[in-house]
Amino acid sequence: MMTSFHTLLADMYASHVLNVEEWYRTSAMPGYLVFLIVEIPMLLLVLVVLSGRLRSQKTSIVFLGVMTGMLLLFVAVTFIMSGALSFIVP
Amino acid sequence: MGWRSDAENRLIRPLHQTSKAFYAFFVALLVGIGIFAFAWYTQLSQGLQVTGMRDLGTMGGAPWGIYITNFIFYIGITHAGIAIASAIRIMKLKAYIPIARIAELVTIFSLMMAAMSIIFDIGRPDRAFNMILFYPERLGQSPLIWDLTAITTYMVLAVSYLYIEMREDLVALQNRVSTKHGKLYRLLVPLYSPDERPRVERIVWWASIFNFPVMVMVHTTVAWIFGLMVGRPGWFSAIMGPYYVAGAVLSGVAMVAVVAAFFRYIFKWEDIITADIFKGIGNFMTAVAAIYLYFLLSEQITVVFGGPIPELGVSEALLSMEYAGLFWFQVIGLFAAFTILFVQAIGIARRSILATVFSSALIILVLWITRFLIVVPALTRPLLSYPVGQYVPTWVELSIVGGTFVAFVLLFALFTKVFPILPLTEMEEK
């Protein structure tokens, strides 16, 4: 829906509500913030599982393995889906 | 008495007994999936012109419709599962353990449907992989990438969480289910050691702690897609974050109540998923519904009292123009659900599971409409001098959105036939 999005942006721009540069600048901040707020707890969880009483335990290895596997699976599914859909989308 | 006794075989009844009604239900779901697949194929082969979505202004439409509505709705639903499961483990709410796995599954299946709703909405879904390829450079600029970040992280966490706490059940059930199930279970529990329970509990406890910020952020991210859009009347508001989180809590818990009630009824688990569980859920929803109604009132009062002209235009569309029917249904429906729950909570009316489940179903319906009212009306009111936009979903959109609900139920049906839907080991400890 990029066309729509650009129309939306043009609508805002032309109405002097804000300019494109300002929009890019302000919209970047929450992107990084979202990344940090979401990923820092995940990083802490991984550190917890790798340290203390949980260190070098089979269960910890399995847990981290499943997390990594899920991430790779997500990438693989997106790749396969994109490829498969390219045969249908004209 | 442990669940391993014959008397408690009924807890795993779904795994070794399949009724004719289930097959009929399953076929009906497959028919629904067939309709969904045909509709999606139509859209993929002919493009988004088969939907009711049109560009803002020049084409007199709304560029987002019920796909984005559905996306926000499902993201809201995802809240409950992990939140309930985490709260049960952190606060040791043992009475609620029987619904923990149902809640986790609600999260996972809803996340899948939310992600798919985005795929339905983009004009070139065959380029979805570009979101991953160009992730670093787009992180700062595209709300779509924020969603990708939040949803992927949440999904990874939710599945890992479900898996780690289910391992012991799979080991214990290996010799109590069919050979095929047994083989699958053996395959799914590598590196198992009989004394791993304390470590699993520790991992689950920590994961429960870290679940909360991720969960709140997932909903806030979705809220920011709208709330940070300075130039769109009806969206730019500081209340969006809390508003979405409250809506997510409400709709998510309501969904868990409905699904739990369904399993309770089908498998006659009245003594397992007890009336007390619904009592607790009902009380919780009473409080959250009150907060949500307050946010709704606060949002509209602020705009109507002194909002700028474009904001007033959107508010007018909601309160007295083309979206008034849906808006007032939303308000009345939410208030009715709150009243039903409230009179039970304060003891004026007798506790009734049916009434609680009815209120929950009403809340789910109303909050889907609420999401529609957040997304669409604001997009039909251009700031430039274009005519007011119109949006009416087509059969393709309705079939695809309906298909996500069918798929949600189908995933539950399949899971119930392959894995234990009740957390057996934890229930035994309880």
# chains A, B, ... in the order shown; residues from 1 in each chain; ligands from 1

$ closest_atom_pairs --of "chain B" --to "chain A" --cutoff "8 Å" --atoms "only C-alpha atoms" --output "tab-separated table"
residue	atom	partner	partner_atom	distance
B:Tyr41	CA	A:Ile88	CA	7.7
B:Leu44	CA	A:Val89	CA	5.3
B:Ser45	CA	A:Val89	CA	5.3
B:Gln46	CA	A:Pro90	CA	7.9
B:Gly47	CA	A:Val89	CA	7.8
B:Arg54	CA	A:Ser4	CA	7.8
B:Asp55	CA	A:Ser4	CA	5.1
B:Leu56	CA	A:Thr7	CA	6.7
B:Gly57	CA	A:Thr7	CA	7.9
B:Pro63	CA	A:Ser4	CA	5.7
B:Asp121	CA	A:Met1	CA	7.5
B:Ile122	CA	A:Met1	CA	5.6
B:Gly123	CA	A:Met1	CA	5.7
B:Arg124	CA	A:Val89	CA	7.4
B:Pro125	CA	A:Ser82	CA	6.5
B:Asp126	CA	A:Ser82	CA	4.1
B:Arg127	CA	A:Ser82	CA	5.9
B:Ala128	CA	A:Ser82	CA	5.8
B:Phe129	CA	A:Phe79	CA	5.5
B:Ile132	CA	A:Val75	CA	7.5
B:Leu139	CA	A:Gly31	CA	5.6
B:Gly140	CA	A:Ala28	CA	3.9
B:Gln141	CA	A:Ala28	CA	5.0
B:Ser142	CA	A:Gly31	CA	7.4
B:Pro143	CA	A:Gly31	CA	7.2
B:Ile145	CA	A:Gly31	CA	7.9
B:Trp146	CA	A:Gly31	CA	5.9
B:Thr149	CA	A:Phe35	CA	6.7
B:Ala150	CA	A:Val38	CA	6.4
B:Thr152	CA	A:Leu71	CA	7.4
B:Thr153	CA	A:Val38	CA	7.3
B:Val156	CA	A:Met70	CA	5.6
B:Leu157	CA	A:Met67	CA	6.9
B:Val159	CA	A:Met70	CA	7.7
B:Ser160	CA	A:Met67	CA	5.7
B:Ile164	CA	A:Phe63	CA	6.5
B:Pro190	CA	A:Val62	CA	7.6
B:Leu191	CA	A:Lys58	CA	6.1
B:Tyr192	CA	A:Thr59	CA	7.4
B:Ser193	CA	A:Lys58	CA	8.0
B:Glu196	CA	A:Thr59	CA	6.8
B:Arg199	CA	A:Leu54	CA	6.7
B:Val200	CA	A:Thr59	CA	6.9
B:Ile203	CA	A:Val49	CA	6.7
B:Trp206	CA	A:Leu45	CA	6.7
B:Ala207	CA	A:Leu45	CA	6.4
B:Phe210	CA	A:Pro41	CA	5.4
B:Asn211	CA	A:Pro41	CA	7.9
B:Pro213	CA	A:Val38	CA	7.0
B:Val214	CA	A:Val38	CA	5.0
B:Met217	CA	A:Val38	CA	6.4
B:Val218	CA	A:Val38	CA	7.8
B:Thr221	CA	A:Val34	CA	6.8
B:Leu228	CA	A:Ser27	CA	7.7
B:Val230	CA	A:Val17	CA	7.4
B:Gly231	CA	A:Met12	CA	5.1
B:Arg232	CA	A:Met12	CA	7.4
B:Pro382	CA	A:Asp11	CA	7.0
B:Leu383	CA	A:Asp11	CA	6.3
B:Leu384	CA	A:Asp11	CA	6.2

$ write_last_selection --atoms "C-alpha atoms" --output "PDB file, in the first residue's frame"
ATOM      1  CA  TYR B  41      -6.309 -16.421  -4.764  1.00  0.00           C
ATOM      2  CA  LEU B  44      -3.512 -12.307  -5.380  1.00  0.00           C
ATOM      3  CA  SER B  45      -4.242 -12.810  -9.061  1.00  0.00           C
ATOM      4  CA  GLN B  46      -6.299  -9.637  -9.606  1.00  0.00           C
ATOM      5  CA  GLY B  47      -4.720  -7.284  -7.096  1.00  0.00           C
ATOM      6  CA  ARG B  54      -9.007   2.882  -2.407  1.00  0.00           C
ATOM      7  CA  ASP B  55      -6.560   5.744  -2.097  1.00  0.00           C
ATOM      8  CA  LEU B  56      -7.337   8.636   0.174  1.00  0.00           C
ATOM      9  CA  GLY B  57      -8.539  11.782  -1.526  1.00  0.00           C
ATOM     10  CA  PRO B  63      -6.430   2.882   2.025  1.00  0.00           C
ATOM     11  CA  ASP B 121      -3.137  -6.045   3.219  1.00  0.00           C
ATOM     12  CA  ILE B 122       0.071  -5.442   1.302  1.00  0.00           C
ATOM     13  CA  GLY B 123      -0.249  -5.135  -2.433  1.00  0.00           C
ATOM     14  CA  ARG B 124       2.798  -7.250  -3.196  1.00  0.00           C
ATOM     15  CA  PRO B 125       2.970 -10.000  -0.567  1.00  0.00           C
ATOM     16  CA  ASP B 126       5.548 -11.756  -2.736  1.00  0.00           C
ATOM     17  CA  ARG B 127       7.935  -9.052  -1.556  1.00  0.00           C
ATOM     18  CA  ALA B 128       7.367  -9.789   2.136  1.00  0.00           C
ATOM     19  CA  PHE B 129      10.900 -11.147   2.419  1.00  0.00           C
ATOM     20  CA  ILE B 132      13.835  -9.022   6.441  1.00  0.00           C
ATOM     21  CA  LEU B 139      13.872  -0.008  11.267  1.00  0.00           C
ATOM     22  CA  GLY B 140      13.945   3.708  11.819  1.00  0.00           C
ATOM     23  CA  GLN B 141      11.268   4.599   9.329  1.00  0.00           C
ATOM     24  CA  SER B 142       8.678   1.940   8.757  1.00  0.00           C
ATOM     25  CA  PRO B 143       5.968   1.072  11.272  1.00  0.00           C
ATOM     26  CA  ILE B 145       9.165  -3.066  10.565  1.00  0.00           C
ATOM     27  CA  TRP B 146       8.265  -2.181  14.152  1.00  0.00           C
ATOM     28  CA  THR B 149      10.164  -6.724  15.330  1.00  0.00           C
ATOM     29  CA  ALA B 150       7.478  -6.956  17.969  1.00  0.00           C
ATOM     30  CA  THR B 152       8.552 -11.961  15.664  1.00  0.00           C
ATOM     31  CA  THR B 153       9.969 -11.488  19.136  1.00  0.00           C
ATOM     32  CA  VAL B 156       9.595 -16.671  19.378  1.00  0.00           C
ATOM     33  CA  LEU B 157       9.029 -16.103  23.079  1.00  0.00           C
ATOM     34  CA  VAL B 159       6.377 -20.730  21.232  1.00  0.00           C
ATOM     35  CA  SER B 160       9.526 -21.331  23.298  1.00  0.00           C
ATOM     36  CA  ILE B 164       9.500 -25.736  27.445  1.00  0.00           C
ATOM     37  CA  PRO B 190      15.463 -34.092  22.779  1.00  0.00           C
ATOM     38  CA  LEU B 191      17.972 -33.953  25.659  1.00  0.00           C
ATOM     39  CA  TYR B 192      15.309 -34.736  28.234  1.00  0.00           C
ATOM     40  CA  SER B 193      16.426 -35.605  31.743  1.00  0.00           C
ATOM     41  CA  GLU B 196      14.700 -31.106  34.660  1.00  0.00           C
ATOM     42  CA  ARG B 199      15.133 -25.875  35.747  1.00  0.00           C
ATOM     43  CA  VAL B 200      12.045 -25.681  33.546  1.00  0.00           C
ATOM     44  CA  ILE B 203      13.206 -20.699  32.935  1.00  0.00           C
ATOM     45  CA  TRP B 206      12.103 -15.725  34.179  1.00  0.00           C
ATOM     46  CA  ALA B 207      10.375 -15.879  30.804  1.00  0.00           C
ATOM     47  CA  PHE B 210      10.288 -10.748  30.628  1.00  0.00           C
ATOM     48  CA  ASN B 211       7.036 -11.475  28.839  1.00  0.00           C
ATOM     49  CA  PRO B 213       7.482  -5.630  28.725  1.00  0.00           C
ATOM     50  CA  VAL B 214       7.469  -7.430  25.375  1.00  0.00           C
ATOM     51  CA  MET B 217       5.404  -3.085  23.744  1.00  0.00           C
ATOM     52  CA  VAL B 218       3.701  -5.191  21.099  1.00  0.00           C
ATOM     53  CA  THR B 221       3.819  -0.465  18.849  1.00  0.00           C
ATOM     54  CA  LEU B 228       2.354   9.031  16.160  1.00  0.00           C
ATOM     55  CA  VAL B 230       0.755  13.715  13.346  1.00  0.00           C
ATOM     56  CA  GLY B 231      -1.265  14.642  10.314  1.00  0.00           C
ATOM     57  CA  ARG B 232      -4.120  12.198  10.591  1.00  0.00           C
ATOM     58  CA  PRO B 382      -8.784  14.021   3.840  1.00  0.00           C
ATOM     59  CA  LEU B 383      -7.187  17.240   5.012  1.00  0.00           C
ATOM     60  CA  LEU B 384      -7.058  18.563   1.462  1.00  0.00           C
TER      61      LEU B 384
END

$ atom_distance --atom1 "atom CA of Ile35 of chain B" --atom2 "atom CA of Ser399 of chain B"
6.7 Å

$ closest_residue --among "B:Ile12, B:Ala80, B:Ile102, B:Leu379" --to "Val245 of chain B" --atoms "only C-alpha atoms"
B:Ala80

$ residues_around --residues "Val314 of chain B" --least-positions-apart "4" --cutoff "8 Å" --atoms "only C-alpha atoms" --output "PDB file with all heavy atoms, in the first residue's frame"
ATOM      1  N   PRO B 233      -6.174  13.186  11.437  1.00  0.00           N
ATOM      2  CA  PRO B 233      -7.149  13.469  12.499  1.00  0.00           C
ATOM      3  C   PRO B 233      -7.740  12.180  13.058  1.00  0.00           C
ATOM      4  O   PRO B 233      -7.998  11.246  12.316  1.00  0.00           O
ATOM      5  CB  PRO B 233      -8.219  14.300  11.779  1.00  0.00           C
ATOM      6  CG  PRO B 233      -8.027  14.053  10.326  1.00  0.00           C
ATOM      7  CD  PRO B 233      -6.571  13.768  10.140  1.00  0.00           C
ATOM      8  N   GLY B 234      -7.924  12.152  14.354  1.00  0.00           N
ATOM      9  CA  GLY B 234      -8.501  10.965  14.986  1.00  0.00           C
ATOM     10  C   GLY B 234      -7.460   9.975  15.480  1.00  0.00           C
ATOM     11  O   GLY B 234      -7.775   9.068  16.234  1.00  0.00           O
ATOM     12  N   PRO B 310     -10.382  19.298  11.711  1.00  0.00           N
ATOM     13  CA  PRO B 310     -10.290  17.938  11.155  1.00  0.00           C
ATOM     14  C   PRO B 310     -10.644  16.855  12.173  1.00  0.00           C
ATOM     15  O   PRO B 310     -11.295  15.861  11.852  1.00  0.00           O
ATOM     16  CB  PRO B 310      -8.822  17.829  10.727  1.00  0.00           C
ATOM     17  CG  PRO B 310      -8.342  19.221  10.589  1.00  0.00           C
ATOM     18  CD  PRO B 310      -9.103  20.015  11.594  1.00  0.00           C
ATOM     19  N   LEU B 318     -18.202   9.644  13.601  1.00  0.00           N
ATOM     20  CA  LEU B 318     -18.452   8.559  14.559  1.00  0.00           C
ATOM     21  C   LEU B 318     -19.753   8.765  15.340  1.00  0.00           C
ATOM     22  O   LEU B 318     -20.535   7.840  15.537  1.00  0.00           O
ATOM     23  CB  LEU B 318     -17.294   8.472  15.565  1.00  0.00           C
ATOM     24  CG  LEU B 318     -15.948   7.988  15.043  1.00  0.00           C
ATOM     25  CD1 LEU B 318     -14.876   8.156  16.106  1.00  0.00           C
ATOM     26  CD2 LEU B 318     -16.036   6.526  14.625  1.00  0.00           C
ATOM     27  N   PRO B 377     -12.624   5.446   9.789  1.00  0.00           N
ATOM     28  CA  PRO B 377     -13.173   6.817   9.679  1.00  0.00           C
ATOM     29  C   PRO B 377     -12.105   7.889   9.486  1.00  0.00           C
ATOM     30  O   PRO B 377     -12.291   8.806   8.679  1.00  0.00           O
ATOM     31  CB  PRO B 377     -13.922   6.997  11.004  1.00  0.00           C
ATOM     32  CG  PRO B 377     -14.278   5.624  11.420  1.00  0.00           C
ATOM     33  CD  PRO B 377     -13.147   4.759  10.968  1.00  0.00           C
ATOM     34  N   ALA B 378     -10.971   7.780  10.189  1.00  0.00           N
ATOM     35  CA  ALA B 378      -9.917   8.791  10.070  1.00  0.00           C
ATOM     36  C   ALA B 378      -9.369   8.857   8.652  1.00  0.00           C
ATOM     37  O   ALA B 378      -8.916   9.914   8.201  1.00  0.00           O
ATOM     38  CB  ALA B 378      -8.796   8.484  11.053  1.00  0.00           C
ATOM     39  N   ARG B 381     -11.437  10.993   5.852  1.00  0.00           N
ATOM     40  CA  ARG B 381     -11.547  12.453   5.998  1.00  0.00           C
ATOM     41  C   ARG B 381     -10.227  13.125   5.590  1.00  0.00           C
ATOM     42  O   ARG B 381      -9.364  13.383   6.432  1.00  0.00           O
ATOM     43  CB  ARG B 381     -11.892  12.819   7.464  1.00  0.00           C
ATOM     44  CG  ARG B 381     -13.247  12.287   7.961  1.00  0.00           C
ATOM     45  CD  ARG B 381     -14.364  12.973   7.206  1.00  0.00           C
ATOM     46  NE  ARG B 381     -15.692  12.707   7.709  1.00  0.00           N
ATOM     47  CZ  ARG B 381     -16.445  11.650   7.406  1.00  0.00           C
ATOM     48  NH1 ARG B 381     -15.975  10.686   6.638  1.00  0.00           N
ATOM     49  NH2 ARG B 381     -17.670  11.531   7.874  1.00  0.00           N
TER      50      ARG B 381
END

$ select_by_dssp --residues "segment 131-205 of chain B" --states "alpha helix (DSSP H)" --output "PyMOL selection string"
chain B and resi 131-133+135-138+143-173+179-188+197-205

$ residues_around --residues "Ile291 of chain B" --least-positions-apart "5" --cutoff "12 Å" --atoms "only C-alpha atoms" --output "mmCIF file with all heavy atoms, in the first residue's frame"
data_model
loop_
_atom_site.group_PDB
_atom_site.id
_atom_site.type_symbol
_atom_site.label_atom_id
_atom_site.label_comp_id
_atom_site.auth_asym_id
_atom_site.auth_seq_id
_atom_site.Cartn_x
_atom_site.Cartn_y
_atom_site.Cartn_z
ATOM 1 N N PRO B 242 -2.026 3.541 26.040
ATOM 2 C CA PRO B 242 -2.808 2.918 27.105
ATOM 3 C C PRO B 242 -4.161 2.384 26.639
ATOM 4 O O PRO B 242 -4.636 1.336 27.107
ATOM 5 C CB PRO B 242 -3.028 4.063 28.118
ATOM 6 C CG PRO B 242 -2.168 5.173 27.707
ATOM 7 C CD PRO B 242 -1.607 4.909 26.357
ATOM 8 N N TYR B 243 -4.768 3.107 25.694
ATOM 9 C CA TYR B 243 -6.070 2.727 25.137
ATOM 10 C C TYR B 243 -5.968 1.331 24.491
ATOM 11 O O TYR B 243 -6.807 0.449 24.696
ATOM 12 C CB TYR B 243 -6.433 3.791 24.095
ATOM 13 C CG TYR B 243 -7.854 3.809 23.581
ATOM 14 C CD1 TYR B 243 -8.920 3.391 24.340
ATOM 15 C CD2 TYR B 243 -8.121 4.309 22.305
ATOM 16 C CE1 TYR B 243 -10.214 3.445 23.838
ATOM 17 C CE2 TYR B 243 -9.406 4.369 21.803
ATOM 18 C CZ TYR B 243 -10.442 3.930 22.571
ATOM 19 O OH TYR B 243 -11.715 3.986 22.068
ATOM 20 N N TYR B 244 -4.898 1.146 23.723
ATOM 21 C CA TYR B 244 -4.705 -0.131 23.042
ATOM 22 C C TYR B 244 -4.378 -1.245 24.029
ATOM 23 O O TYR B 244 -4.842 -2.373 23.879
ATOM 24 C CB TYR B 244 -3.563 -0.008 22.023
ATOM 25 C CG TYR B 244 -4.041 0.368 20.653
ATOM 26 C CD1 TYR B 244 -4.774 1.528 20.461
ATOM 27 C CD2 TYR B 244 -3.756 -0.419 19.553
ATOM 28 C CE1 TYR B 244 -5.209 1.888 19.205
ATOM 29 C CE2 TYR B 244 -4.192 -0.056 18.291
ATOM 30 C CZ TYR B 244 -4.915 1.098 18.123
ATOM 31 O OH TYR B 244 -5.349 1.446 16.883
ATOM 32 N N VAL B 245 -3.547 -0.921 25.009
ATOM 33 C CA VAL B 245 -3.179 -1.963 25.974
ATOM 34 C C VAL B 245 -4.427 -2.402 26.752
ATOM 35 O O VAL B 245 -4.660 -3.605 26.944
ATOM 36 C CB VAL B 245 -2.057 -1.470 26.927
ATOM 37 C CG1 VAL B 245 -1.792 -2.489 28.027
ATOM 38 C CG2 VAL B 245 -0.777 -1.223 26.142
ATOM 39 N N ALA B 246 -5.255 -1.414 27.160
ATOM 40 C CA ALA B 246 -6.493 -1.761 27.882
ATOM 41 C C ALA B 246 -7.412 -2.609 26.995
ATOM 42 O O ALA B 246 -7.988 -3.616 27.445
ATOM 43 C CB ALA B 246 -7.211 -0.489 28.327
ATOM 44 N N GLY B 247 -7.528 -2.214 25.732
ATOM 45 C CA GLY B 247 -8.366 -2.977 24.797
ATOM 46 C C GLY B 247 -7.830 -4.383 24.586
ATOM 47 O O GLY B 247 -8.584 -5.346 24.488
ATOM 48 N N VAL B 249 -5.968 -6.133 26.722
ATOM 49 C CA VAL B 249 -6.219 -6.929 27.941
ATOM 50 C C VAL B 249 -7.660 -7.430 27.930
ATOM 51 O O VAL B 249 -7.933 -8.611 28.154
ATOM 52 C CB VAL B 249 -5.958 -6.075 29.203
ATOM 53 C CG1 VAL B 249 -6.356 -6.829 30.456
ATOM 54 C CG2 VAL B 249 -4.500 -5.674 29.287
ATOM 55 N N LEU B 250 -8.569 -6.506 27.626
ATOM 56 C CA LEU B 250 -9.986 -6.839 27.679
ATOM 57 C C LEU B 250 -10.363 -7.914 26.649
ATOM 58 O O LEU B 250 -10.967 -8.942 26.988
ATOM 59 C CB LEU B 250 -10.800 -5.559 27.443
ATOM 60 C CG LEU B 250 -12.298 -5.628 27.692
ATOM 61 C CD1 LEU B 250 -12.591 -6.101 29.111
ATOM 62 C CD2 LEU B 250 -12.942 -4.277 27.456
ATOM 63 N N PHE B 284 -12.022 -9.596 36.822
ATOM 64 C CA PHE B 284 -10.929 -8.873 36.171
ATOM 65 C C PHE B 284 -11.448 -8.065 34.984
ATOM 66 O O PHE B 284 -11.115 -6.884 34.820
ATOM 67 C CB PHE B 284 -9.861 -9.878 35.724
ATOM 68 C CG PHE B 284 -8.659 -9.235 35.093
ATOM 69 C CD1 PHE B 284 -7.751 -8.516 35.860
ATOM 70 C CD2 PHE B 284 -8.426 -9.337 33.731
ATOM 71 C CE1 PHE B 284 -6.649 -7.909 35.279
ATOM 72 C CE2 PHE B 284 -7.328 -8.742 33.145
ATOM 73 C CZ PHE B 284 -6.438 -8.023 33.920
ATOM 74 N N MET B 285 -12.300 -8.700 34.185
ATOM 75 C CA MET B 285 -12.843 -8.001 33.013
ATOM 76 C C MET B 285 -13.713 -6.825 33.414
ATOM 77 O O MET B 285 -13.782 -5.817 32.698
ATOM 78 C CB MET B 285 -13.626 -8.967 32.122
ATOM 79 C CG MET B 285 -12.734 -9.858 31.267
ATOM 80 S SD MET B 285 -13.622 -10.648 29.916
ATOM 81 C CE MET B 285 -14.766 -11.666 30.784
ATOM 82 N N THR B 286 -14.393 -6.925 34.546
ATOM 83 C CA THR B 286 -15.225 -5.807 35.027
ATOM 84 C C THR B 286 -14.367 -4.559 35.191
ATOM 85 O O THR B 286 -14.722 -3.471 34.715
ATOM 86 C CB THR B 286 -15.860 -6.155 36.396
ATOM 87 O OG1 THR B 286 -16.472 -7.420 36.307
ATOM 88 C CG2 THR B 286 -16.874 -5.117 36.824
ATOM 89 N N LEU B 296 -12.515 5.637 26.424
ATOM 90 C CA LEU B 296 -13.379 5.951 25.277
ATOM 91 C C LEU B 296 -14.048 7.310 25.486
ATOM 92 O O LEU B 296 -14.064 8.172 24.601
ATOM 93 C CB LEU B 296 -14.426 4.845 25.120
ATOM 94 C CG LEU B 296 -15.292 4.845 23.879
ATOM 95 C CD1 LEU B 296 -14.458 4.574 22.644
ATOM 96 C CD2 LEU B 296 -16.382 3.787 23.995
ATOM 97 N N LEU B 297 -14.579 7.495 26.677
ATOM 98 C CA LEU B 297 -15.251 8.746 27.024
ATOM 99 C C LEU B 297 -14.258 9.906 26.989
ATOM 100 O O LEU B 297 -14.514 10.961 26.401
ATOM 101 C CB LEU B 297 -15.882 8.621 28.422
ATOM 102 C CG LEU B 297 -16.594 9.851 28.944
ATOM 103 C CD1 LEU B 297 -17.934 10.014 28.228
ATOM 104 C CD2 LEU B 297 -16.837 9.749 30.447
ATOM 105 N N SER B 298 -13.105 9.665 27.601
ATOM 106 C CA SER B 298 -12.078 10.696 27.686
ATOM 107 C C SER B 298 -11.635 11.151 26.296
ATOM 108 O O SER B 298 -11.489 12.351 26.028
ATOM 109 C CB SER B 298 -10.883 10.134 28.465
ATOM 110 O OG SER B 298 -9.832 11.029 28.464
ATOM 111 N N LEU B 334 -20.477 -2.499 24.858
ATOM 112 C CA LEU B 334 -19.453 -2.525 25.907
ATOM 113 C C LEU B 334 -20.065 -2.238 27.270
ATOM 114 O O LEU B 334 -19.730 -2.896 28.279
ATOM 115 C CB LEU B 334 -18.385 -1.466 25.566
ATOM 116 C CG LEU B 334 -17.004 -1.665 26.152
ATOM 117 C CD1 LEU B 334 -16.435 -3.024 25.804
ATOM 118 C CD2 LEU B 334 -16.065 -0.575 25.652
ATOM 119 N N PHE B 335 -20.981 -1.297 27.288
ATOM 120 C CA PHE B 335 -21.624 -0.954 28.556
ATOM 121 C C PHE B 335 -22.489 -2.125 29.051
ATOM 122 O O PHE B 335 -22.523 -2.423 30.243
ATOM 123 C CB PHE B 335 -22.473 0.314 28.393
ATOM 124 C CG PHE B 335 -22.854 0.924 29.705
ATOM 125 C CD1 PHE B 335 -21.914 1.625 30.457
ATOM 126 C CD2 PHE B 335 -24.136 0.766 30.215
ATOM 127 C CE1 PHE B 335 -22.245 2.163 31.687
ATOM 128 C CE2 PHE B 335 -24.482 1.303 31.448
ATOM 129 C CZ PHE B 335 -23.538 2.005 32.185
ATOM 130 N N PHE B 338 -20.187 -4.753 30.411
ATOM 131 C CA PHE B 338 -19.681 -4.300 31.713
ATOM 132 C C PHE B 338 -20.755 -4.477 32.794
ATOM 133 O O PHE B 338 -20.478 -4.956 33.896
ATOM 134 C CB PHE B 338 -19.257 -2.827 31.617
ATOM 135 C CG PHE B 338 -19.045 -2.172 32.953
ATOM 136 C CD1 PHE B 338 -17.923 -2.454 33.706
ATOM 137 C CD2 PHE B 338 -19.995 -1.290 33.475
ATOM 138 C CE1 PHE B 338 -17.734 -1.870 34.950
ATOM 139 C CE2 PHE B 338 -19.811 -0.701 34.708
ATOM 140 C CZ PHE B 338 -18.677 -0.993 35.450
#

$ atom_distance --atom1 "atom CA of Ala260 of chain B" --atom2 "atom CA of Ala21 of chain B"
19.0 Å

$ residues_around --residues "Ile82 of chain B" --least-positions-apart "6" --cutoff "7 Å" --atoms "only C-alpha atoms" --output "ChimeraX atom specification"
/B:103-104,107,158

$ write_last_selection --atoms "all heavy atoms" --output "PDB file, in the first residue's frame"
ATOM      1  N   ALA B 103      -4.583 -20.438  27.141  1.00  0.00           N
ATOM      2  CA  ALA B 103      -4.224 -19.024  27.017  1.00  0.00           C
ATOM      3  C   ALA B 103      -2.984 -18.849  26.147  1.00  0.00           C
ATOM      4  O   ALA B 103      -2.931 -17.953  25.292  1.00  0.00           O
ATOM      5  CB  ALA B 103      -3.985 -18.433  28.404  1.00  0.00           C
ATOM      6  N   GLU B 104      -1.989 -19.719  26.348  1.00  0.00           N
ATOM      7  CA  GLU B 104      -0.766 -19.616  25.525  1.00  0.00           C
ATOM      8  C   GLU B 104      -1.088 -19.849  24.050  1.00  0.00           C
ATOM      9  O   GLU B 104      -0.551 -19.170  23.172  1.00  0.00           O
ATOM     10  CB  GLU B 104       0.269 -20.648  25.990  1.00  0.00           C
ATOM     11  CG  GLU B 104       0.905 -20.305  27.329  1.00  0.00           C
ATOM     12  CD  GLU B 104       1.491 -21.522  28.020  1.00  0.00           C
ATOM     13  OE1 GLU B 104       1.732 -22.538  27.345  1.00  0.00           O
ATOM     14  OE2 GLU B 104       1.684 -21.466  29.242  1.00  0.00           O
ATOM     15  N   THR B 107      -2.598 -16.918  22.332  1.00  0.00           N
ATOM     16  CA  THR B 107      -1.560 -15.967  21.929  1.00  0.00           C
ATOM     17  C   THR B 107      -0.902 -16.379  20.618  1.00  0.00           C
ATOM     18  O   THR B 107      -0.798 -15.579  19.674  1.00  0.00           O
ATOM     19  CB  THR B 107      -0.472 -15.870  23.024  1.00  0.00           C
ATOM     20  OG1 THR B 107      -1.023 -15.210  24.143  1.00  0.00           O
ATOM     21  CG2 THR B 107       0.747 -15.099  22.544  1.00  0.00           C
ATOM     22  N   ALA B 158       6.716 -16.770  22.767  1.00  0.00           N
ATOM     23  CA  ALA B 158       5.493 -17.519  23.089  1.00  0.00           C
ATOM     24  C   ALA B 158       5.644 -19.011  22.764  1.00  0.00           C
ATOM     25  O   ALA B 158       5.259 -19.869  23.572  1.00  0.00           O
ATOM     26  CB  ALA B 158       4.308 -16.931  22.318  1.00  0.00           C
TER      27      ALA B 158
END

$ atom_distance --atom1 "atom CA of Val258 of chain B" --atom2 "atom CA of Val357 of chain B"
5.6 Å

$ residues_around --residues "segment 174-178 of chain B" --least-positions-apart "2" --cutoff "12 Å" --atoms "only C-alpha atoms" --output "JSON, numbers by chain"
{"B": [3, 4, 5, 6, 9, 11, 12, 13, 14, 15, 16, 17, 167, 168, 169, 170, 171, 172, 180, 181, 182, 183, 184, 185, 186, 187, 188, 189, 417, 418, 419, 420]}
